[in-house]
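What follows is coords-v3.cif (mmCIF, C-alpha atoms and all ligand atoms).
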```
data_protein
#
loop_
_atom_site.label_atom_id
_atom_site.label_comp_id
_atom_site.auth_asym_id
_atom_site.auth_seq_id
_atom_site.Cartn_x
_atom_site.Cartn_y
_atom_site.Cartn_z
CA MET A 1 11.21 16.66 12.66
CA LYS A 2 9.44 14.18 10.35
CA LYS A 3 8.69 15.26 6.80
CA VAL A 4 5.32 14.43 5.30
CA LEU A 5 4.10 14.76 1.72
CA VAL A 6 0.49 15.88 1.38
CA VAL A 7 -0.89 15.24 -2.10
CA GLY A 8 -4.03 17.21 -2.81
CA GLY A 9 -2.92 19.57 -0.05
CA ALA A 10 -4.38 22.66 -1.76
CA GLY A 11 -7.96 21.35 -1.56
CA TYR A 12 -10.60 21.89 1.10
CA ILE A 13 -9.75 19.18 3.65
CA GLY A 14 -6.12 18.93 2.49
CA SER A 15 -5.31 22.57 3.17
CA HIS A 16 -6.76 22.45 6.70
CA THR A 17 -4.73 19.31 7.35
CA VAL A 18 -1.51 20.88 6.04
CA ARG A 19 -1.95 23.67 8.54
CA GLU A 20 -2.74 21.26 11.40
CA LEU A 21 0.43 19.27 10.64
CA SER A 22 2.65 22.35 10.31
CA ASP A 23 1.31 23.69 13.63
CA ASN A 24 1.97 20.36 15.35
CA GLY A 25 5.52 19.33 14.74
CA TYR A 26 5.63 18.11 11.14
CA GLN A 27 7.52 19.48 8.17
CA VAL A 28 5.09 19.48 5.28
CA VAL A 29 5.65 19.26 1.54
CA VAL A 30 2.56 19.84 -0.58
CA ALA A 31 1.80 18.57 -4.07
CA ASP A 32 -1.38 19.50 -5.90
CA SER A 33 -2.37 19.67 -9.56
CA LEU A 34 -4.35 22.87 -8.81
CA ILE A 35 -7.14 21.59 -11.04
CA TYR A 36 -9.51 22.12 -8.12
CA GLY A 37 -7.08 23.22 -5.40
CA HIS A 38 -6.03 26.78 -4.54
CA ARG A 39 -2.40 27.85 -4.16
CA GLU A 40 -3.55 30.55 -1.70
CA ALA A 41 -4.80 27.78 0.60
CA VAL A 42 -1.27 26.47 1.19
CA PHE A 43 0.83 28.37 3.72
CA THR A 44 4.19 26.85 2.76
CA ASP A 45 6.80 27.44 0.07
CA ASN A 46 7.36 23.69 -0.07
CA PHE A 47 4.76 23.47 -2.81
CA TYR A 48 4.85 21.52 -6.08
CA GLN A 49 2.27 21.84 -8.81
CA VAL A 50 2.25 18.19 -9.79
CA ASP A 51 -0.36 15.82 -11.15
CA LEU A 52 -0.11 12.24 -9.92
CA ALA A 53 -0.19 11.12 -13.55
CA ASP A 54 3.38 12.49 -13.77
CA LYS A 55 5.56 9.89 -12.04
CA ASP A 56 8.81 11.68 -12.92
CA ALA A 57 7.68 14.86 -11.22
CA LEU A 58 6.54 12.83 -8.22
CA SER A 59 9.87 10.99 -8.05
CA ASN A 60 11.61 14.33 -8.09
CA ILE A 61 9.79 15.31 -4.87
CA PHE A 62 10.85 12.08 -3.16
CA SER A 63 14.46 12.46 -4.24
CA THR A 64 14.52 16.08 -3.03
CA HIS A 65 12.87 15.45 0.35
CA ASP A 66 13.30 12.74 2.95
CA ILE A 67 9.61 11.80 3.17
CA SER A 68 8.43 9.60 6.07
CA ALA A 69 4.78 9.33 5.11
CA VAL A 70 2.17 10.49 2.61
CA ILE A 71 -1.30 11.88 3.20
CA HIS A 72 -3.35 11.36 0.06
CA PHE A 73 -6.26 13.70 -0.71
CA ALA A 74 -5.80 13.99 -4.48
CA ALA A 75 -9.05 12.91 -6.12
CA PHE A 76 -12.01 14.07 -8.15
CA ALA A 77 -15.11 14.06 -5.96
CA TYR A 78 -18.19 15.05 -7.96
CA VAL A 79 -20.53 12.08 -7.61
CA GLY A 80 -22.83 13.11 -10.50
CA GLU A 81 -19.92 13.69 -12.87
CA SER A 82 -18.46 10.31 -11.94
CA VAL A 83 -21.61 8.64 -13.30
CA ILE A 84 -21.31 10.45 -16.63
CA LYS A 85 -17.50 10.23 -16.92
CA PRO A 86 -16.39 7.10 -15.02
CA SER A 87 -13.18 6.84 -17.01
CA LYS A 88 -12.06 10.25 -15.74
CA TYR A 89 -12.65 9.06 -12.16
CA TYR A 90 -11.00 5.67 -12.48
CA TYR A 91 -7.90 7.15 -14.15
CA ASN A 92 -7.57 10.09 -11.84
CA ASN A 93 -8.50 8.42 -8.57
CA VAL A 94 -7.38 4.80 -9.03
CA VAL A 95 -4.62 4.76 -11.66
CA ASN A 96 -2.99 7.87 -10.23
CA THR A 97 -3.01 6.29 -6.77
CA LEU A 98 -1.16 3.32 -8.27
CA ASN A 99 1.40 5.80 -9.62
CA LEU A 100 1.77 7.35 -6.21
CA LEU A 101 2.23 3.93 -4.59
CA ASP A 102 4.83 2.93 -7.21
CA VAL A 103 6.90 5.98 -6.42
CA MET A 104 6.46 5.61 -2.65
CA LEU A 105 7.65 2.01 -2.78
CA LYS A 106 10.55 2.94 -5.05
CA PHE A 107 11.71 5.31 -2.31
CA ASN A 108 10.81 2.83 0.44
CA VAL A 109 8.08 5.06 1.90
CA LYS A 110 5.45 2.72 3.35
CA ASN A 111 3.09 4.87 5.38
CA ILE A 112 -0.04 6.44 3.93
CA VAL A 113 -3.12 8.16 5.35
CA PHE A 114 -5.92 8.08 2.80
CA SER A 115 -8.95 10.21 2.23
CA SER A 116 -11.78 7.72 1.85
CA THR A 117 -15.48 8.27 2.18
CA CYS A 118 -18.76 7.02 3.60
CA ALA A 119 -19.79 6.77 -0.09
CA THR A 120 -17.95 3.42 -0.06
CA TYR A 121 -20.85 1.99 2.01
CA GLY A 122 -23.55 2.82 -0.56
CA GLU A 123 -27.20 2.51 0.49
CA PRO A 124 -27.09 1.84 4.25
CA LEU A 125 -28.50 -1.42 5.56
CA TYR A 126 -28.57 0.05 9.08
CA THR A 127 -27.55 3.21 10.95
CA PRO A 128 -25.36 4.29 12.59
CA ILE A 129 -22.91 2.94 10.03
CA ASP A 130 -19.93 1.20 11.58
CA GLU A 131 -16.74 0.17 9.80
CA SER A 132 -17.91 -3.41 9.30
CA HIS A 133 -21.05 -2.31 7.44
CA PRO A 134 -20.97 -3.95 3.96
CA GLN A 135 -19.39 -1.75 1.29
CA ASN A 136 -21.50 -1.55 -1.87
CA PRO A 137 -20.91 1.87 -3.39
CA VAL A 138 -23.56 3.02 -5.83
CA ASN A 139 -21.51 5.30 -8.09
CA PRO A 140 -18.06 5.35 -9.75
CA TYR A 141 -16.74 7.92 -7.27
CA GLY A 142 -17.50 5.66 -4.30
CA ARG A 143 -16.24 2.62 -6.20
CA SER A 144 -12.96 4.35 -7.05
CA LYS A 145 -12.37 5.02 -3.35
CA LEU A 146 -13.27 1.45 -2.38
CA MET A 147 -10.91 0.07 -5.04
CA ILE A 148 -8.12 2.07 -3.44
CA GLU A 149 -8.97 0.68 -0.01
CA HIS A 150 -8.70 -2.82 -1.51
CA ILE A 151 -5.41 -1.99 -3.23
CA PHE A 152 -3.99 -0.93 0.14
CA GLU A 153 -5.01 -4.26 1.67
CA ASP A 154 -3.19 -6.16 -1.09
CA TYR A 155 -0.14 -3.87 -0.96
CA LYS A 156 0.05 -4.36 2.78
CA LYS A 157 0.29 -8.13 2.36
CA ALA A 158 2.64 -8.05 -0.61
CA TYR A 159 4.81 -4.98 0.03
CA GLY A 160 4.37 -4.12 3.71
CA LEU A 161 2.39 -0.92 3.11
CA ASN A 162 0.91 0.61 6.28
CA TYR A 163 -2.25 2.65 5.92
CA VAL A 164 -5.07 4.42 7.68
CA SER A 165 -8.11 4.92 5.45
CA LEU A 166 -10.38 7.62 6.83
CA ARG A 167 -13.99 7.38 5.72
CA TYR A 168 -15.40 10.89 6.02
CA PHE A 169 -19.04 11.66 6.42
CA ASN A 170 -20.08 15.23 5.39
CA ALA A 171 -17.15 17.63 5.72
CA ALA A 172 -18.35 21.11 6.70
CA GLY A 173 -17.29 24.50 8.01
CA CYS A 174 -14.05 26.44 7.70
CA SER A 175 -11.11 27.28 9.94
CA ARG A 176 -12.08 29.11 13.15
CA ASP A 177 -9.90 32.10 12.20
CA GLY A 178 -11.49 32.41 8.76
CA LEU A 179 -8.22 32.00 6.84
CA LEU A 180 -9.16 28.72 5.17
CA GLY A 181 -12.45 27.42 3.87
CA GLU A 182 -14.48 25.75 1.21
CA SER A 183 -14.23 27.00 -2.36
CA HIS A 184 -15.52 24.54 -4.91
CA SER A 185 -16.34 25.33 -8.50
CA PRO A 186 -19.01 24.28 -9.16
CA GLU A 187 -20.33 24.21 -5.60
CA THR A 188 -22.77 21.36 -4.96
CA HIS A 189 -22.75 21.02 -1.17
CA LEU A 190 -25.68 21.93 1.00
CA ILE A 191 -24.19 24.29 3.59
CA PRO A 192 -22.25 26.60 1.23
CA LEU A 193 -25.25 26.70 -1.12
CA VAL A 194 -27.62 27.65 1.72
CA LEU A 195 -25.24 30.46 2.71
CA LYS A 196 -24.88 31.64 -0.89
CA ALA A 197 -28.68 31.76 -1.13
CA ILE A 198 -28.76 33.92 2.01
CA LYS A 199 -26.14 36.24 0.50
CA GLY A 200 -28.13 36.49 -2.73
CA GLU A 201 -25.30 34.95 -4.74
CA ILE A 202 -27.80 32.34 -5.92
CA ASP A 203 -31.57 32.81 -6.05
CA ASN A 204 -32.53 30.01 -3.68
CA ILE A 205 -31.65 26.61 -2.29
CA THR A 206 -33.58 23.63 -3.58
CA VAL A 207 -34.30 20.97 -0.98
CA PHE A 208 -33.83 17.65 -2.73
CA GLY A 209 -36.86 15.68 -1.56
CA THR A 210 -39.33 16.16 1.30
CA ASP A 211 -40.86 12.68 1.22
CA TYR A 212 -38.08 10.65 2.83
CA ASP A 213 -38.84 8.35 5.72
CA THR A 214 -37.33 10.75 8.28
CA PRO A 215 -39.02 12.88 10.98
CA ASP A 216 -39.27 16.01 8.77
CA GLY A 217 -39.17 14.24 5.40
CA THR A 218 -35.71 15.54 4.39
CA CYS A 219 -32.40 13.67 4.22
CA ILE A 220 -30.26 13.24 7.31
CA ARG A 221 -26.46 13.49 7.20
CA ASP A 222 -23.57 13.59 9.66
CA TYR A 223 -21.78 16.97 9.32
CA ILE A 224 -18.23 16.89 10.64
CA HIS A 225 -16.13 20.02 10.94
CA VAL A 226 -13.13 20.26 8.62
CA GLU A 227 -10.76 21.15 11.50
CA ASP A 228 -11.87 18.00 13.30
CA LEU A 229 -11.11 16.03 10.14
CA ALA A 230 -7.70 17.71 9.99
CA SER A 231 -6.89 16.74 13.59
CA ALA A 232 -7.88 13.12 12.87
CA HIS A 233 -5.36 13.02 9.99
CA LYS A 234 -2.60 14.26 12.27
CA LEU A 235 -3.46 11.64 14.90
CA ALA A 236 -3.61 8.91 12.23
CA LEU A 237 -0.17 9.93 11.03
CA ASP A 238 1.21 9.85 14.59
CA LYS A 239 -0.16 6.31 14.92
CA LEU A 240 1.30 5.08 11.62
CA LEU A 241 4.70 6.54 12.36
CA GLY A 242 4.51 4.98 15.82
CA GLY A 243 4.18 1.55 14.20
CA SER A 244 0.46 0.92 14.73
CA GLU A 245 -1.57 -1.50 12.62
CA SER A 246 -3.32 -0.49 9.40
CA ILE A 247 -7.01 0.30 9.80
CA CYS A 248 -10.13 1.88 8.24
CA LEU A 249 -11.95 4.44 10.39
CA ASN A 250 -15.16 6.41 10.09
CA LEU A 251 -14.89 10.13 10.75
CA GLY A 252 -18.19 11.61 11.80
CA THR A 253 -19.88 13.06 14.86
CA GLY A 254 -22.36 10.23 15.23
CA VAL A 255 -25.18 12.79 15.09
CA GLY A 256 -27.57 13.17 12.17
CA THR A 257 -28.93 16.53 10.98
CA SER A 258 -31.68 16.92 8.39
CA VAL A 259 -31.66 19.34 5.45
CA LYS A 260 -34.44 21.34 7.10
CA GLU A 261 -32.47 21.49 10.35
CA ILE A 262 -29.46 22.85 8.42
CA ILE A 263 -31.66 25.56 6.90
CA ASN A 264 -33.09 26.47 10.33
CA ALA A 265 -29.60 26.57 11.85
CA ALA A 266 -28.35 28.82 9.02
CA GLU A 267 -31.25 31.21 9.70
CA ARG A 268 -30.41 31.29 13.42
CA VAL A 269 -26.71 31.93 12.79
CA THR A 270 -27.09 34.57 10.09
CA LYS A 271 -30.36 36.04 11.40
CA LYS A 272 -31.55 36.06 7.81
CA LYS A 273 -34.18 34.13 5.86
CA VAL A 274 -33.14 31.37 3.47
CA PRO A 275 -35.01 31.47 0.14
CA VAL A 276 -36.08 27.82 -0.21
CA LEU A 277 -37.62 25.80 -3.04
CA TYR A 278 -38.80 22.26 -2.45
CA GLY A 279 -37.78 19.92 -5.25
CA LYS A 280 -37.56 16.27 -6.18
CA ARG A 281 -35.17 13.76 -4.67
CA ARG A 282 -31.62 13.73 -6.06
CA GLU A 283 -30.80 10.35 -7.53
CA GLY A 284 -28.57 8.19 -5.35
CA ASP A 285 -29.22 10.05 -2.06
CA PRO A 286 -29.91 7.64 0.82
CA ALA A 287 -32.45 8.92 3.38
CA ILE A 288 -30.18 8.66 6.41
CA LEU A 289 -26.41 8.48 6.78
CA PHE A 290 -24.59 8.90 10.04
CA ALA A 291 -21.53 7.36 11.54
CA ALA A 292 -20.79 5.05 14.38
CA ALA A 293 -17.68 7.02 15.29
CA GLN A 294 -16.47 5.07 18.31
CA LEU A 295 -13.59 3.27 16.61
CA ALA A 296 -11.82 6.51 15.62
CA HIS A 297 -12.31 7.78 19.16
CA ASP A 298 -10.85 4.59 20.65
CA TYR A 299 -8.04 4.09 18.15
CA LEU A 300 -6.88 7.67 17.63
CA GLY A 301 -8.04 9.24 20.88
CA TRP A 302 -9.88 11.63 18.56
CA VAL A 303 -12.81 13.66 19.83
CA PRO A 304 -14.52 16.15 17.52
CA ILE A 305 -14.44 19.63 19.04
CA TYR A 306 -17.33 21.00 16.98
CA THR A 307 -20.47 19.34 18.28
CA SER A 308 -23.06 21.99 17.48
CA ILE A 309 -24.32 22.47 13.94
CA ASP A 310 -24.78 26.20 14.64
CA ASP A 311 -21.10 26.47 15.54
CA ILE A 312 -20.09 24.66 12.33
CA ILE A 313 -22.33 26.87 10.20
CA GLU A 314 -21.00 29.99 11.92
CA THR A 315 -17.46 29.18 10.74
CA ALA A 316 -18.78 28.55 7.22
CA TRP A 317 -20.68 31.85 7.30
CA ARG A 318 -17.60 33.81 8.35
CA TRP A 319 -15.74 32.30 5.41
CA GLU A 320 -18.58 32.93 2.97
CA LEU A 321 -18.60 36.62 3.94
CA ASN A 322 -14.83 36.99 3.60
CA LYS A 323 -13.52 34.43 1.16
CA ARG A 324 -9.82 34.68 0.38
CA PHE A 325 -10.05 32.45 -2.71
N1 LIG B 401 -28.98 18.83 -0.66
C1 LIG B 401 -30.11 19.58 -0.98
N2 LIG B 401 -29.97 20.61 -1.86
C2 LIG B 401 -28.77 20.95 -2.43
C3 LIG B 401 -27.62 20.19 -2.09
C4 LIG B 401 -27.77 19.14 -1.19
O1 LIG B 401 -31.21 19.31 -0.48
O2 LIG B 401 -28.72 21.88 -3.24
C5 LIG B 401 -29.11 17.71 0.29
C6 LIG B 401 -28.70 16.37 -0.30
O3 LIG B 401 -29.83 15.73 -0.85
C7 LIG B 401 -28.15 15.65 0.93
C8 LIG B 401 -27.62 16.76 1.83
O4 LIG B 401 -28.21 17.96 1.35
O5 LIG B 401 -29.21 15.01 1.63
C9 LIG B 401 -26.12 16.89 1.77
O6 LIG B 401 -25.72 16.96 0.41
P1 LIG B 401 -24.26 17.36 -0.02
O7 LIG B 401 -24.28 17.45 -1.52
O8 LIG B 401 -23.83 18.57 0.73
O9 LIG B 401 -23.36 16.16 0.48
P2 LIG B 401 -23.47 14.59 0.18
O10 LIG B 401 -24.31 14.03 1.29
O11 LIG B 401 -24.07 14.41 -1.17
O12 LIG B 401 -22.07 14.13 0.27
#
```
Could you express the structure from this file as structure tokens?
Ligand code: UDP
Amino acid sequence: MKKVLVVGGAGYIGSHTVRELSDNGYQVVVADSLIYGHREAVFTDNFYQVDLADKDALSNIFSTHDISAVIHFAAFAYVGESVIKPSKYYYNNVVNTLNLLDVMLKFNVKNIVFSSTCATYGEPLYTPIDESHPQNPVNPYGRSKLMIEHIFEDYKKAYGLNYVSLRYFNAAGCSRDGLLGESHSPETHLIPLVLKAIKGEIDNITVFGTDYDTPDGTCIRDYIHVEDLASAHKLALDKLLGGSESICLNLGTGVGTSVKEIINAAERVTKKKVPVLYGKRREGDPAILFAAAQLAHDYLGWVPIYTSIDDIIETAWRWELNKRF
């Protein structure tokens, strides 16, 4: 059985992926700094509280375990904070990835699946966004992820690194059985905030802008279920270990949903009213983002199982009512 190291495996998408891998024939070792991750989200004793800044601690993991590949989720991901504190983002996301790559190469581990983002595209020139859409990120978070994609390209040529970079659209939902879910502090994402407003945990949800050039005036995004993201990581890993070529892939449903449609869906699912305020646009939010998702389907044989936004929100609602962490 192949052993895989998942860094950032105690986070939202990481923890769902760890479970998917463990359930499907991989031995999994998890490393996470626990700055944002949750130990309770990791169902394995093979856990190391390690920051990627600490190369000795990382090396220790590689000398203890015979690692075949790495899945790399460890990153800071607050776009607004990245604008105010770019140094924090470039050190944590870029420099620490260089550390990880140094240690991988020292131990001759050359396969990596990377958590990238549609934020590397920046303001879209057209939709749906395919993988050859120009990449002009508009904030340090997106730039840090794009820099890492470029580093992989160079490391492939120079050192024979093999990679799959997965560019997620909007991750959403929680595991079908309610054991894993989204727990960010602070929470900034639309769906959990809408559900918290329904619960009364916050007073209301503010819709950021109603004057966009979209059918109902609110922003459109591509919400992809976290368990579908997890299955794509497992398939990407299978491919890499099978000797396939390095590639960058979008992970989305290919369907756009507006902020108002999310609010309506949340009301249908919970049978409760959402307290809504209508506010100004949030800086840096493009009107419409959704994926051309064909390449991931063709390359990985990946098909998202969650195709209805109500279904996605239902899993998030179950989690919100019964959060374990
Ligand atoms: N949004 C909103 N109110 C909020 C949070 C988000 O109207 O309190 C909107 C935001 O403008 C975007 C969409 O919801 O169009 C998704 O935002 P989120 O922060 O969840 O993800 P992002 O698209 O920024 O990655």
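Using only C-alpha atoms, the residues found no farther than 7 Å from Ile313 of chain A, other than those of its own chain fewer than 4 positions away, are Gly173, Ala266, Ile309 and Trp317 of chain A.
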Per residue of chain A within 10 Å of ligand LIG 401 (chain B), record the nearest atom pair and its distance in Å to one decimal, counting all atoms listed in the file, with rows in chain order and ascending residue number, as a tab-separated table.
```
residue	atom	partner	partner_atom	distance
A:Ala77	CA	B:LIG401	O12	9.3
A:Tyr78	CA	B:LIG401	O11	9.0
A:Val79	CA	B:LIG401	O11	7.7
A:Gly80	CA	B:LIG401	O11	9.5
A:Thr117	CA	B:LIG401	O12	9.0
A:Cys118	CA	B:LIG401	O12	8.5
A:Ala119	CA	B:LIG401	O12	7.7
A:Tyr168	CA	B:LIG401	O12	9.4
A:Phe169	CA	B:LIG401	O12	7.3
A:Asn170	CA	B:LIG401	O12	5.6
A:Ala171	CA	B:LIG401	O12	8.1
A:Ala172	CA	B:LIG401	O8	8.5
A:Glu187	CA	B:LIG401	O7	8.8
A:Thr188	CA	B:LIG401	O7	5.4
A:His189	CA	B:LIG401	O8	3.3
A:Leu190	CA	B:LIG401	O8	3.8
A:Ile191	CA	B:LIG401	O8	6.4
A:Pro192	CA	B:LIG401	O8	8.2
A:Leu193	CA	B:LIG401	O2	6.3
A:Val194	CA	B:LIG401	O2	7.7
A:Asn204	CA	B:LIG401	O2	9.0
A:Ile205	CA	B:LIG401	O2	5.6
A:Thr206	CA	B:LIG401	N2	5.0
A:Val207	CA	B:LIG401	O1	3.5
A:Phe208	CA	B:LIG401	O1	3.8
A:Gly209	CA	B:LIG401	O1	6.8
A:Thr210	CA	B:LIG401	O1	8.9
A:Tyr212	CA	B:LIG401	O5	10.0
A:Thr218	CA	B:LIG401	O5	7.1
A:Cys219	CA	B:LIG401	O5	4.3
A:Ile220	CA	B:LIG401	O5	6.0
A:Arg221	CA	B:LIG401	O10	6.3
A:Asp222	CA	B:LIG401	O10	8.4
A:Tyr223	CA	B:LIG401	C9	8.7
A:Thr257	CA	B:LIG401	C8	9.2
A:Ser258	CA	B:LIG401	O5	7.4
A:Val259	CA	B:LIG401	O4	5.5
A:Lys260	CA	B:LIG401	O1	8.5
A:Ile262	CA	B:LIG401	O4	8.7
A:Ile263	CA	B:LIG401	O1	9.7
A:Val276	CA	B:LIG401	N2	9.6
A:Leu277	CA	B:LIG401	N2	9.3
A:Tyr278	CA	B:LIG401	O1	8.4
A:Gly279	CA	B:LIG401	O1	8.1
A:Lys280	CA	B:LIG401	O1	9.1
A:Arg281	CA	B:LIG401	O3	6.9
A:Arg282	CA	B:LIG401	O3	5.9
A:Glu283	CA	B:LIG401	O3	8.6
A:Gly284	CA	B:LIG401	O11	8.7
A:Asp285	CA	B:LIG401	O3	5.8
A:Pro286	CA	B:LIG401	O5	7.4
A:Ala287	CA	B:LIG401	O5	7.1
A:Ile288	CA	B:LIG401	O5	8.0
A:Leu289	CA	B:LIG401	O10	8.1
```
task: Show which residues sit within 10 Å of segment 132-146 of chain A, as a PyMOL selection string. Count only C-alpha atoms, and ignore same-chain residues fewer than 3 positions away.
output: chain A and resi 75-95+114-129+149-152+165+167+248-249+284-285
- prompt: So what do you get for atom CA of Ile148 of chain A versus atom CA of Leu98 of chain A, distance-wise?
  reply: 8.6 Å
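Candidate residues A:Leu58, A:Val42, A:Leu237, A:Glu227 were compared for distance to Gly25 of chain A, and the nearest is A:Leu237, using all atoms listed in the file.
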- request: Tell me, as a PyMOL selection string, which residues lie within 8 Å of Lys196 of chain A, counting only C-alpha atoms; anything in the same chain fewer than 5 positions away does not count.
  value: chain A and resi 201-202+320
Output file for the residues above (C-alpha atoms, as a compact mmCIF listing (two decimals), in the frame of the given file):
```
# COMPACT_ATOMS: atom_id res chain seq x y z
CA GLU A 201 -25.30 34.95 -4.74
CA ILE A 202 -27.80 32.34 -5.92
CA GLU A 320 -18.58 32.93 2.97
```
